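Participant: Take a look at protein_21.txt, compact mmCIF, C-alpha atoms and all ligand atoms:
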```txt
# COMPACT_ATOMS: atom_id res chain seq x y z
CA MET D 1 -5.24 12.66 40.85
CA LEU D 2 -6.03 14.17 37.45
CA GLN D 3 -5.10 12.06 34.45
CA ARG D 4 -4.28 13.00 30.86
CA PRO D 5 -7.11 12.55 28.34
CA ARG D 6 -7.67 9.13 26.79
CA GLY D 7 -5.58 8.42 23.70
CA THR D 8 -2.90 10.99 24.61
CA ARG D 9 0.57 10.42 26.02
CA ASP D 10 3.16 12.18 28.15
CA PHE D 11 6.80 11.91 27.20
CA LEU D 12 9.64 11.83 29.73
CA PRO D 13 13.13 13.11 28.82
CA ASP D 14 14.56 9.71 27.75
CA GLU D 15 11.71 9.29 25.29
CA MET D 16 11.85 12.91 24.11
CA GLU D 17 15.57 12.52 23.40
CA ALA D 18 14.94 9.33 21.44
CA ARG D 19 12.17 11.06 19.47
CA ALA D 20 14.37 14.08 18.77
CA GLU D 21 17.16 11.79 17.53
CA ILE D 22 14.86 9.98 15.08
CA GLU D 23 13.06 13.15 14.03
CA GLY D 24 16.47 14.71 13.32
CA ARG D 25 17.42 11.83 11.01
CA MET D 26 14.12 12.12 9.12
CA ARG D 27 14.43 15.90 8.78
CA GLU D 28 17.92 15.36 7.41
CA ALA D 29 16.53 12.98 4.76
CA ALA D 30 14.02 15.69 3.73
CA ARG D 31 16.77 18.32 3.61
CA ARG D 32 18.85 16.14 1.30
CA PHE D 33 15.89 15.92 -1.11
CA GLY D 34 15.59 19.72 -1.10
CA TYR D 35 12.44 19.85 1.08
CA ARG D 36 12.04 22.72 3.56
CA PRO D 37 9.90 22.81 6.71
CA VAL D 38 6.50 24.49 7.03
CA ARG D 39 4.13 24.81 9.99
CA THR D 40 0.41 25.49 10.07
CA PRO D 41 -1.99 26.11 13.01
CA ALA D 42 -3.10 23.24 15.24
CA PHE D 43 -6.73 24.20 14.50
CA GLU D 44 -8.39 25.18 11.25
CA GLU D 45 -11.82 26.04 9.87
CA LEU D 46 -13.90 22.86 9.93
CA GLU D 47 -14.74 23.32 6.26
CA LEU D 48 -11.12 22.79 5.23
CA PHE D 49 -11.57 19.09 5.95
CA THR D 50 -15.25 18.61 5.15
CA LEU D 51 -14.64 19.78 1.56
CA ARG D 52 -12.73 16.73 0.41
CA SER D 53 -11.02 14.66 3.08
CA GLY D 54 -13.82 12.10 3.16
CA PRO D 55 -16.34 10.88 5.70
CA GLY D 56 -13.92 8.62 7.60
CA ILE D 57 -11.71 11.38 8.80
CA VAL D 58 -14.53 13.89 9.23
CA ASN D 59 -16.31 11.59 11.69
CA GLU D 60 -13.12 11.37 13.71
CA MET D 61 -12.51 15.09 14.08
CA TYR D 62 -12.18 17.10 17.28
CA ALA D 63 -14.55 19.77 15.98
CA PHE D 64 -15.76 22.64 18.14
CA GLU D 65 -17.30 26.08 18.04
CA ASP D 66 -15.15 28.88 19.43
CA LYS D 67 -16.44 31.79 21.54
CA GLY D 68 -17.07 33.76 18.35
CA GLY D 69 -19.32 31.01 16.98
CA ARG D 70 -16.81 29.85 14.34
CA ALA D 71 -16.85 26.19 13.33
CA LEU D 72 -13.29 24.97 13.91
CA THR D 73 -11.50 21.68 14.36
CA LEU D 74 -8.16 20.40 15.57
CA ARG D 75 -6.38 19.24 12.40
CA PRO D 76 -6.81 15.50 11.71
CA GLU D 77 -4.02 15.61 9.11
CA LEU D 78 -1.77 18.14 7.42
CA THR D 79 -2.24 17.85 3.68
CA ALA D 80 -5.34 20.08 3.52
CA PRO D 81 -3.73 22.70 5.85
CA VAL D 82 -0.51 22.74 3.83
CA LEU D 83 -2.45 23.17 0.57
CA ARG D 84 -4.49 25.95 2.19
CA LEU D 85 -1.20 27.58 3.18
CA TYR D 86 -0.01 27.21 -0.40
CA VAL D 87 -3.14 28.90 -1.78
CA ASN D 88 -3.07 31.68 0.88
CA GLU D 89 0.61 32.57 0.82
CA ALA D 90 2.66 30.80 -1.82
CA ARG D 91 0.70 30.57 -5.08
CA VAL D 92 3.11 32.87 -6.88
CA LEU D 93 6.30 31.12 -5.76
CA PRO D 94 8.17 29.25 -8.50
CA LYS D 95 7.16 25.59 -8.68
CA PRO D 96 7.63 22.92 -7.73
CA LEU D 97 7.42 23.62 -4.02
CA ARG D 98 9.05 21.01 -1.82
CA TRP D 99 7.74 21.23 1.72
CA TYR D 100 7.78 18.96 4.76
CA TYR D 101 6.36 19.03 8.27
CA VAL D 102 6.58 17.28 11.61
CA ASP D 103 3.51 18.12 13.64
CA ASP D 104 0.72 16.70 15.73
CA CYS D 105 -2.71 15.64 14.45
CA PHE D 106 -5.87 14.83 16.37
CA ARG D 107 -8.36 12.08 15.59
CA TYR D 108 -11.15 10.79 17.78
CA GLU D 109 -10.34 7.10 17.30
CA ARG D 110 -10.49 4.10 19.60
CA PRO D 111 -7.01 4.13 21.18
CA GLN D 112 -4.80 1.05 21.03
CA LYS D 113 -1.13 0.23 20.44
CA GLY D 114 0.06 2.57 17.69
CA ARG D 115 -3.28 4.42 17.50
CA TYR D 116 -3.67 7.61 19.50
CA ARG D 117 -5.95 10.62 19.61
CA GLN D 118 -2.99 12.98 19.44
CA PHE D 119 -0.20 11.69 17.22
CA TRP D 120 2.62 13.10 15.16
CA GLN D 121 3.13 12.93 11.43
CA PHE D 122 6.30 13.44 9.45
CA GLY D 123 5.05 14.32 5.99
CA ALA D 124 6.01 15.99 2.75
CA GLU D 125 4.10 17.65 -0.08
CA LEU D 126 5.48 18.25 -3.57
CA ILE D 127 3.31 20.96 -5.10
CA GLY D 128 3.00 21.99 -8.75
CA VAL D 129 4.36 19.05 -10.74
CA ASP D 130 2.46 16.21 -12.31
CA SER D 131 4.73 13.49 -13.66
CA ALA D 132 6.06 10.02 -13.06
CA GLY D 133 9.21 11.72 -11.79
CA ALA D 134 7.21 13.61 -9.14
CA ASP D 135 5.48 10.40 -8.03
CA ALA D 136 8.86 8.63 -7.86
CA GLU D 137 10.53 11.41 -5.88
CA VAL D 138 7.83 11.41 -3.22
CA ILE D 139 7.95 7.62 -2.82
CA LEU D 140 11.75 7.69 -2.63
CA LEU D 141 11.72 10.43 0.02
CA ALA D 142 9.25 8.46 2.17
CA ASP D 143 11.52 5.44 1.83
CA ALA D 144 14.66 7.46 2.61
CA ALA D 145 13.06 8.95 5.74
CA LEU D 146 11.94 5.54 7.01
CA ARG D 147 15.33 4.02 6.29
CA ALA D 148 17.14 6.93 7.95
CA ALA D 149 15.01 6.24 11.02
CA GLY D 150 15.96 2.58 10.84
CA VAL D 151 12.47 1.16 10.24
CA GLN D 152 12.01 -2.18 8.46
CA TYR D 153 8.87 -2.04 6.41
CA GLU D 154 7.13 -3.25 3.29
CA LEU D 155 6.18 -0.76 0.59
CA LYS D 156 3.19 -1.12 -1.71
CA VAL D 157 2.55 1.14 -4.69
CA GLY D 158 -0.67 1.30 -6.68
CA HIS D 159 -2.86 3.58 -8.78
CA LEU D 160 -6.52 4.44 -8.23
CA ALA D 161 -7.34 4.60 -11.95
CA LEU D 162 -7.41 0.84 -12.30
CA LEU D 163 -9.91 0.14 -9.55
CA ARG D 164 -11.99 3.15 -10.57
CA SER D 165 -12.12 1.93 -14.15
CA LEU D 166 -13.88 -1.22 -12.95
CA LEU D 167 -16.35 0.82 -10.89
CA VAL D 168 -17.25 3.56 -13.42
CA ASP D 169 -20.85 2.41 -13.66
CA LEU D 170 -21.47 2.66 -9.92
CA ASP D 171 -22.73 5.86 -8.32
CA GLU D 172 -20.52 7.75 -5.86
CA THR D 173 -22.02 6.14 -2.72
CA ALA D 174 -21.82 2.61 -4.11
CA ARG D 175 -18.25 3.16 -5.26
CA ARG D 176 -17.26 4.43 -1.84
CA THR D 177 -18.84 1.38 -0.17
CA VAL D 178 -17.07 -1.02 -2.50
CA MET D 179 -13.71 0.74 -2.17
CA GLY D 180 -14.06 0.92 1.62
CA LEU D 181 -14.67 -2.83 1.85
CA LEU D 182 -11.75 -3.52 -0.48
CA ASP D 183 -9.55 -1.26 1.65
CA LYS D 184 -10.35 -3.37 4.70
CA ARG D 185 -10.12 -6.58 2.60
CA GLU D 186 -13.57 -7.59 3.86
CA MET D 187 -14.23 -9.92 0.93
CA ASN D 188 -17.42 -11.55 2.25
CA ALA D 189 -19.01 -8.18 2.95
CA LEU D 190 -17.82 -7.05 -0.48
CA ARG D 191 -19.57 -9.99 -2.14
CA ASP D 192 -22.80 -9.18 -0.25
CA ALA D 193 -22.59 -5.48 -1.13
CA LEU D 194 -22.02 -6.23 -4.84
CA THR D 195 -24.94 -8.67 -4.82
CA ASP D 196 -27.18 -6.01 -3.25
CA LEU D 197 -26.08 -3.58 -5.96
CA GLY D 198 -26.93 -6.18 -8.59
CA ARG D 199 -23.25 -6.21 -9.65
CA ALA D 200 -22.03 -9.60 -8.40
CA ASP D 201 -20.34 -9.88 -11.83
CA LEU D 202 -17.71 -7.38 -10.66
CA LEU D 203 -16.37 -9.60 -7.88
CA GLY D 204 -14.16 -11.73 -10.13
CA SER D 205 -12.36 -8.82 -11.78
CA LEU D 206 -11.99 -6.94 -8.47
CA VAL D 207 -10.37 -10.00 -6.88
CA ALA D 208 -8.13 -10.47 -9.94
CA LEU D 209 -7.06 -6.80 -9.88
CA VAL D 210 -6.34 -6.81 -6.15
CA GLY D 211 -4.28 -9.98 -6.65
CA ALA D 212 -2.27 -8.62 -9.61
CA THR D 213 1.43 -8.19 -8.90
CA THR D 214 2.61 -6.87 -12.28
CA LEU D 215 1.41 -4.12 -14.58
CA ASP D 216 0.72 -6.71 -17.28
CA GLU D 217 -1.53 -8.72 -14.96
CA ALA D 218 -3.33 -5.58 -13.79
CA PHE D 219 -3.97 -4.14 -17.26
CA ALA D 220 -5.10 -7.57 -18.43
CA VAL D 221 -7.99 -7.14 -15.94
CA THR D 222 -8.86 -3.51 -16.73
CA GLY D 223 -7.99 -3.33 -20.42
CA PRO D 224 -6.02 -0.34 -21.80
CA LEU D 225 -6.16 2.89 -19.74
CA PRO D 226 -4.64 6.34 -20.41
CA GLU D 227 -2.62 6.07 -17.16
CA GLU D 228 -0.66 3.05 -18.36
CA ALA D 229 2.31 4.87 -19.93
CA ARG D 230 2.89 6.99 -16.85
CA LEU D 231 2.66 3.99 -14.56
CA ARG D 232 5.22 2.13 -16.66
CA GLU D 233 7.53 5.15 -16.44
CA LEU D 234 7.10 5.27 -12.65
CA VAL D 235 7.91 1.59 -12.32
CA ALA D 236 11.03 2.06 -14.47
CA LEU D 237 12.18 4.98 -12.28
CA LEU D 238 11.59 3.09 -9.02
CA GLU D 239 13.42 0.08 -10.35
CA ALA D 240 16.34 2.19 -11.58
CA ALA D 241 16.55 3.67 -8.06
CA GLY D 242 16.84 0.17 -6.62
CA LEU D 243 13.75 0.58 -4.47
CA GLU D 244 12.28 -2.52 -2.83
CA TYR D 245 8.51 -2.49 -3.23
CA SER D 246 5.60 -4.38 -4.67
CA LEU D 247 2.72 -3.28 -6.85
CA ASN D 248 -0.75 -3.44 -5.32
CA PHE D 249 -3.88 -2.20 -7.04
CA GLY D 250 -6.09 -2.83 -4.03
CA ILE D 251 -4.74 0.25 -2.24
CA VAL D 252 -7.68 2.59 -1.73
CA ARG D 253 -6.52 5.08 0.97
CA GLY D 254 -8.94 6.39 3.59
CA LEU D 255 -8.89 10.00 2.41
CA ASP D 256 -10.92 11.17 -0.56
CA TYR D 257 -8.57 13.60 -2.30
CA TYR D 258 -6.28 11.15 -4.10
CA THR D 259 -6.40 11.16 -7.88
CA GLY D 260 -3.72 8.78 -9.17
CA MET D 261 -0.68 7.03 -7.76
CA VAL D 262 -1.16 5.88 -4.16
CA PHE D 263 1.20 4.08 -1.81
CA GLU D 264 1.31 2.60 1.65
CA GLY D 265 3.97 1.05 3.86
CA PHE D 266 3.59 -1.52 6.60
CA ALA D 267 5.98 -2.27 9.45
CA ALA D 268 6.28 -5.87 10.55
CA ASN D 269 6.23 -5.54 14.32
CA LEU D 270 3.33 -3.16 14.87
CA GLY D 271 0.39 -5.55 15.22
CA ALA D 272 -2.99 -4.39 13.91
CA GLU D 273 -1.99 -0.73 13.43
CA ASN D 274 0.90 -1.53 11.11
CA GLN D 275 0.44 1.13 8.44
CA ILE D 276 3.44 3.36 8.94
CA VAL D 277 3.12 5.57 5.87
CA GLY D 278 0.47 6.53 3.36
CA GLY D 279 0.43 8.93 0.45
CA GLY D 280 -0.16 9.60 -3.20
CA ALA D 281 -1.00 12.12 -5.89
CA TYR D 282 -3.95 14.43 -5.23
CA ARG D 283 -5.58 17.75 -6.06
CA LEU D 284 -6.85 20.13 -3.38
CA ALA D 285 -5.70 23.67 -4.22
CA HIS D 286 -8.71 24.44 -6.46
CA LEU D 287 -11.11 23.60 -3.59
CA PHE D 288 -9.45 26.24 -1.42
CA GLY D 289 -9.70 29.05 -3.96
CA GLY D 290 -6.49 28.43 -5.91
CA GLU D 291 -5.87 27.19 -9.40
CA ASP D 292 -6.13 23.48 -10.02
CA THR D 293 -2.64 22.35 -8.99
CA PRO D 294 -1.28 18.83 -9.09
CA SER D 295 0.46 17.68 -5.92
CA CYS D 296 1.80 14.55 -4.38
CA GLY D 297 2.82 13.71 -0.84
CA PHE D 298 2.84 11.33 2.07
CA ALA D 299 2.72 11.21 5.84
CA ILE D 300 4.62 8.82 8.08
CA GLY D 301 3.08 8.00 11.47
CA PHE D 302 5.93 9.19 13.66
CA ASP D 303 4.65 7.47 16.81
CA ARG D 304 4.43 4.20 14.89
CA VAL D 305 8.03 4.69 13.82
CA MET D 306 8.98 4.94 17.50
CA VAL D 307 6.93 1.84 18.40
CA ALA D 308 8.48 -0.09 15.50
CA LEU D 309 12.00 0.87 16.55
CA GLY D 310 11.58 -0.06 20.22
CA GLU D 311 14.69 0.96 22.18
CA VAL D 312 16.58 3.78 20.44
CA ALA D 313 20.25 4.29 21.26
CA VAL D 314 20.75 8.03 21.63
CA PRO D 315 24.37 9.13 21.04
CA HIS D 316 26.03 9.83 24.38
CA ARG D 317 26.98 13.45 25.06
CA THR D 318 29.50 14.27 27.81
CA VAL D 319 28.04 15.17 31.22
CA VAL D 320 30.10 17.15 33.72
CA ALA D 321 28.89 17.30 37.35
CA ILE D 322 29.98 20.33 39.32
CA LEU D 323 30.28 19.77 43.05
CA SER D 324 31.02 22.47 45.58
CA THR D 325 30.96 23.52 49.21
CA PRO D 326 29.28 26.84 50.12
CA GLU D 327 32.69 28.59 49.86
CA GLY D 328 33.11 27.28 46.30
CA ALA D 329 29.57 28.09 45.11
CA ALA D 330 30.39 31.24 43.12
CA SER D 331 33.37 29.54 41.44
CA ALA D 332 31.14 26.55 40.66
CA PHE D 333 28.70 28.79 38.76
CA ARG D 334 31.65 30.29 36.86
CA ALA D 335 32.95 26.80 36.03
CA ALA D 336 29.49 25.75 34.81
CA ALA D 337 29.29 28.81 32.55
CA ALA D 338 32.71 28.05 31.04
CA LEU D 339 31.81 24.39 30.41
CA ARG D 340 28.48 25.34 28.82
CA ALA D 341 30.17 27.95 26.65
CA ALA D 342 32.35 25.11 25.35
CA GLY D 343 29.19 23.18 24.40
CA LEU D 344 29.36 20.72 27.29
CA ARG D 345 26.46 19.70 29.50
CA ALA D 346 27.29 21.02 32.97
CA GLU D 347 25.08 20.14 35.93
CA LEU D 348 25.51 21.94 39.22
CA ASP D 349 24.83 19.91 42.34
CA LEU D 350 22.20 21.96 44.13
CA SER D 351 21.55 19.46 46.93
CA GLY D 352 23.48 21.31 49.65
CA LYS D 353 24.87 17.95 50.81
CA GLY D 354 28.52 17.19 51.64
CA LEU D 355 31.09 16.59 48.86
CA GLY D 356 31.07 12.82 49.56
CA ALA D 357 27.34 12.51 48.90
CA GLN D 358 27.62 14.80 45.86
CA MET D 359 30.40 12.57 44.45
CA THR D 360 28.36 9.38 44.97
CA LYS D 361 25.54 10.89 42.91
CA ALA D 362 27.89 12.25 40.22
CA ALA D 363 29.51 8.84 39.78
CA LYS D 364 26.12 7.48 38.69
CA THR D 365 25.20 10.17 36.19
CA ALA D 366 28.29 12.01 34.91
CA ASP D 367 31.48 11.38 32.95
CA PHE D 368 33.55 13.96 34.79
CA ALA D 369 33.30 15.78 38.11
CA VAL D 370 34.59 19.27 38.79
CA LEU D 371 35.03 19.82 42.56
CA ILE D 372 35.39 23.24 44.11
CA GLY D 373 35.83 23.52 47.88
CA ALA D 374 37.25 26.41 49.94
CA ARG D 375 40.83 25.45 49.02
CA GLU D 376 40.23 25.31 45.27
CA ALA D 377 38.21 28.54 45.34
CA GLU D 378 40.98 30.30 47.14
CA ALA D 379 43.70 29.01 44.77
CA GLY D 380 41.65 29.67 41.63
CA VAL D 381 41.80 26.01 40.51
CA VAL D 382 39.40 23.05 40.34
CA ALA D 383 39.74 19.39 41.21
CA PHE D 384 38.92 17.52 38.00
CA LYS D 385 37.98 13.86 38.23
CA ASN D 386 37.54 11.42 35.37
CA LEU D 387 34.72 9.27 36.74
CA SER D 388 35.45 6.26 34.54
CA THR D 389 39.20 6.02 35.33
CA GLY D 390 39.06 7.54 38.83
CA LEU D 391 42.01 9.79 37.96
CA GLN D 392 41.89 13.15 39.76
CA GLU D 393 44.05 16.19 39.02
CA THR D 394 44.21 19.81 39.99
CA LEU D 395 43.74 22.07 36.98
CA CYS D 396 42.99 25.65 36.10
CA LEU D 397 39.41 26.09 34.85
CA GLU D 398 40.51 26.47 31.23
CA ASP D 399 42.37 23.13 31.29
CA ALA D 400 39.45 21.41 33.04
CA VAL D 401 37.14 22.54 30.22
CA ALA D 402 39.64 21.27 27.65
CA ARG D 403 39.91 17.89 29.44
CA ALA D 404 36.14 17.50 29.58
CA ALA D 405 35.90 18.42 25.90
CA GLY D 406 38.42 15.66 25.17
CA ARG D 407 41.22 18.01 24.20
CA GLU D 408 44.87 17.60 25.23
CA VAL D 409 46.14 19.92 27.96
CA ASP D 410 49.67 20.67 29.15
CA ALA D 411 50.86 18.41 31.97
CA PRO D 412 49.79 19.86 35.34
CA GLY D 413 52.47 22.06 36.86
CA SER D 414 54.09 22.85 33.50
CA ARG D 415 52.64 26.34 33.36
P1 LIG V 1 -3.18 8.82 6.66
O1 LIG V 1 -2.97 7.48 6.05
O2 LIG V 1 -4.52 9.14 7.20
O3 LIG V 1 -2.73 9.86 5.56
O4 LIG V 1 -2.13 9.01 7.82
C1 LIG V 1 -0.73 8.86 7.57
C2 LIG V 1 -0.10 8.01 8.65
O5 LIG V 1 -0.37 8.57 9.94
C3 LIG V 1 -0.68 6.60 8.76
O6 LIG V 1 -0.10 5.74 7.81
C4 LIG V 1 -0.31 6.22 10.18
O7 LIG V 1 1.04 5.75 10.23
C5 LIG V 1 -0.38 7.55 10.92
N1 LIG V 1 -1.62 7.62 11.72
C6 LIG V 1 -2.88 7.84 11.27
N2 LIG V 1 -3.76 7.84 12.29
C7 LIG V 1 -3.04 7.61 13.43
C8 LIG V 1 -3.36 7.49 14.82
N3 LIG V 1 -4.60 7.63 15.26
N4 LIG V 1 -2.35 7.25 15.69
C9 LIG V 1 -1.07 7.12 15.25
N5 LIG V 1 -0.71 7.23 13.96
C10 LIG V 1 -1.67 7.47 13.05
C11 LIG V 1 -2.72 11.23 5.73
O8 LIG V 1 -2.89 11.76 6.80
C12 LIG V 1 -2.41 11.99 4.48
N6 LIG V 1 -2.46 13.44 4.82
C13 LIG V 1 -1.07 11.59 3.92
C14 LIG V 1 -0.69 12.39 2.71
C15 LIG V 1 0.14 13.44 2.65
N7 LIG V 1 -1.16 12.22 1.48
C16 LIG V 1 -0.65 13.12 0.68
N8 LIG V 1 0.14 13.89 1.40
```
Translate the structure of the given file into structure tokens.
Facilitator:
Amino acid sequence: MLQRPRGTRDFLPDEMEARAEIEGRMREAARRFGYRPVRTPAFEELELFTLRSGPGIVNEMYAFEDKGGRALTLRPELTAPVLRLYVNEARVLPKPLRWYYVDDCFRYERPQKGRYRQFWQFGAELIGVDSAGADAEVILLADAALRAAGVQYELKVGHLALLRSLLVDLDETARRTVMGLLDKREMNALRDALTDLGRADLLGSLVALVGATTLDEAFAVTGPLPEEARLRELVALLEAAGLEYSLNFGIVRGLDYYTGMVFEGFAANLGAENQIVGGGAYRLAHLFGGEDTPSCGFAIGFDRVMVALGEVAVPHRTVVAILSTPEGAASAFRAAAALRAAGLRAELDLSGKGLGAQMTKAAKTADFAVLIGAREAEAGVVAFKNLSTGLQETLCLEDAVARAAGREVDAPGSR
């Protein structure tokens, strides 16, 4: 038997319906913030990601050469593609642009609970504004989408300027090493790396900064920075909005394009892969041939949302089973069409079994049964059964549709 590739999943209808329900709630949150959907190709030029996304993600890419010798890759994330789309097609549109997406990404990672090689992101990008208000809006949308989905999580907001200000003297490679170790909170390895760099003196202030929980504590470590006013404004906006979050200046983010505010969210019941959202302010448009454009965004790991939620109650929609004998078959198809036209889910029994067996099956899966045998077909009526009360009545098709739709009908025999 052939199996699906490692790190991928199949989804059966129950799970797809649960996913659609949650996705719908998150899309609705985006709509209420004025964000509109975009879609980009599943594969892109490899260079789109090698330009700035950072070595972590580049090593994890499903890169390949196509038959024309082009270097391509399945997208590992959607921020670079969406900014490429902006530069290609939307540079002249009035800003800011508020866009969101729900699409799959591909990363060659070691699969485990909550970590897959094909996974879905719900993300948003706010393009063309650079302000505390823009940072706040993006954080609040991420929070609204997670809350609409019903996820309990912890939100951490930080800013890269503070950490970078402590590391200004290091070269690019050394800074990346230090930030990578901080990201993973590998403090022993960090001490060793700083010692090797001859900068063991930095350890104390790095630890103090990562431990700071207020702006005052953080700026006491770094000294005054130009970003301070904007950060204070952001904090005031988030507090005015009543957002629950904490400040954390140890947030580094795995991708290399971030320039300022960064944030991450963690769900409690996810185990090791508990980061459910990540985002921040960044600049990419100028790398793709556009003007230097400030942007800010986030992506929520949609599969992690589903793991965090566990069982999802999908609202029940009425199911009508349509049972018939061979003489009633044509009428049964007509009845199904009428029910569907009224927006109801109508399922024809195609088993060819007797009405008794058809009814046994319907009782397990449907709310109502519409029975059409030779007698009903001849008389132009249907037998309509409410499968929860057991009540059965003979109705014209129009009244049966109304009953199934939950509408009142005239008493049988009154017309
Ligand atoms: P990221 O942190 O690499 O950021 O991914 C965002 C989210 O995708 C993660 O927080 C996690 O929930 C989910 N995720 C990542 N890898 C996997 C995986 N292998 N399996 C399941 N879920 C995963 C970005 O991708 C940025 N583009 C976010 C962004 C948008 N920044 C600005 N705009």
Participant: 9 Å from ligand LIG 1 (chain V) is the threshold here; counting all atoms listed in the file, which polymer residues fall inside it? Answer as a count of residues only.
Facilitator: 60
Participant: Kindly give the distance, in Å, that separates atom CA of D:Gly373 and atom CA of D:Leu391, rounded to a single decimal.
Facilitator: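 Atom CA of D:Leu391 lies 18.0 Å from atom CA of D:Gly373.
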Participant: Kindly give the distance, in Å, that separates atom CA of D:Val58 and atom CA of D:Gly180, rounded to a single decimal.
Facilitator: 15.0 Å
Participant: For each of D:Ala208, D:Leu243, D:Ile251, D:Ala267, take the minimum atom-to-atom distance to D:Glu154, counting only C-alpha atoms, then give the residue where this is smallest.
Facilitator: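 Looking at the shortest contact to D:Glu154, the residue is D:Ala267.
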Participant: Go ahead and compute the interatomic distance for atom CA of D:Asp183 and atom CA of D:Leu72, in Å to one decimal.
Facilitator: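 Value for the atom CA of D:Asp183-atom CA of D:Leu72 distance: 29.2 Å.
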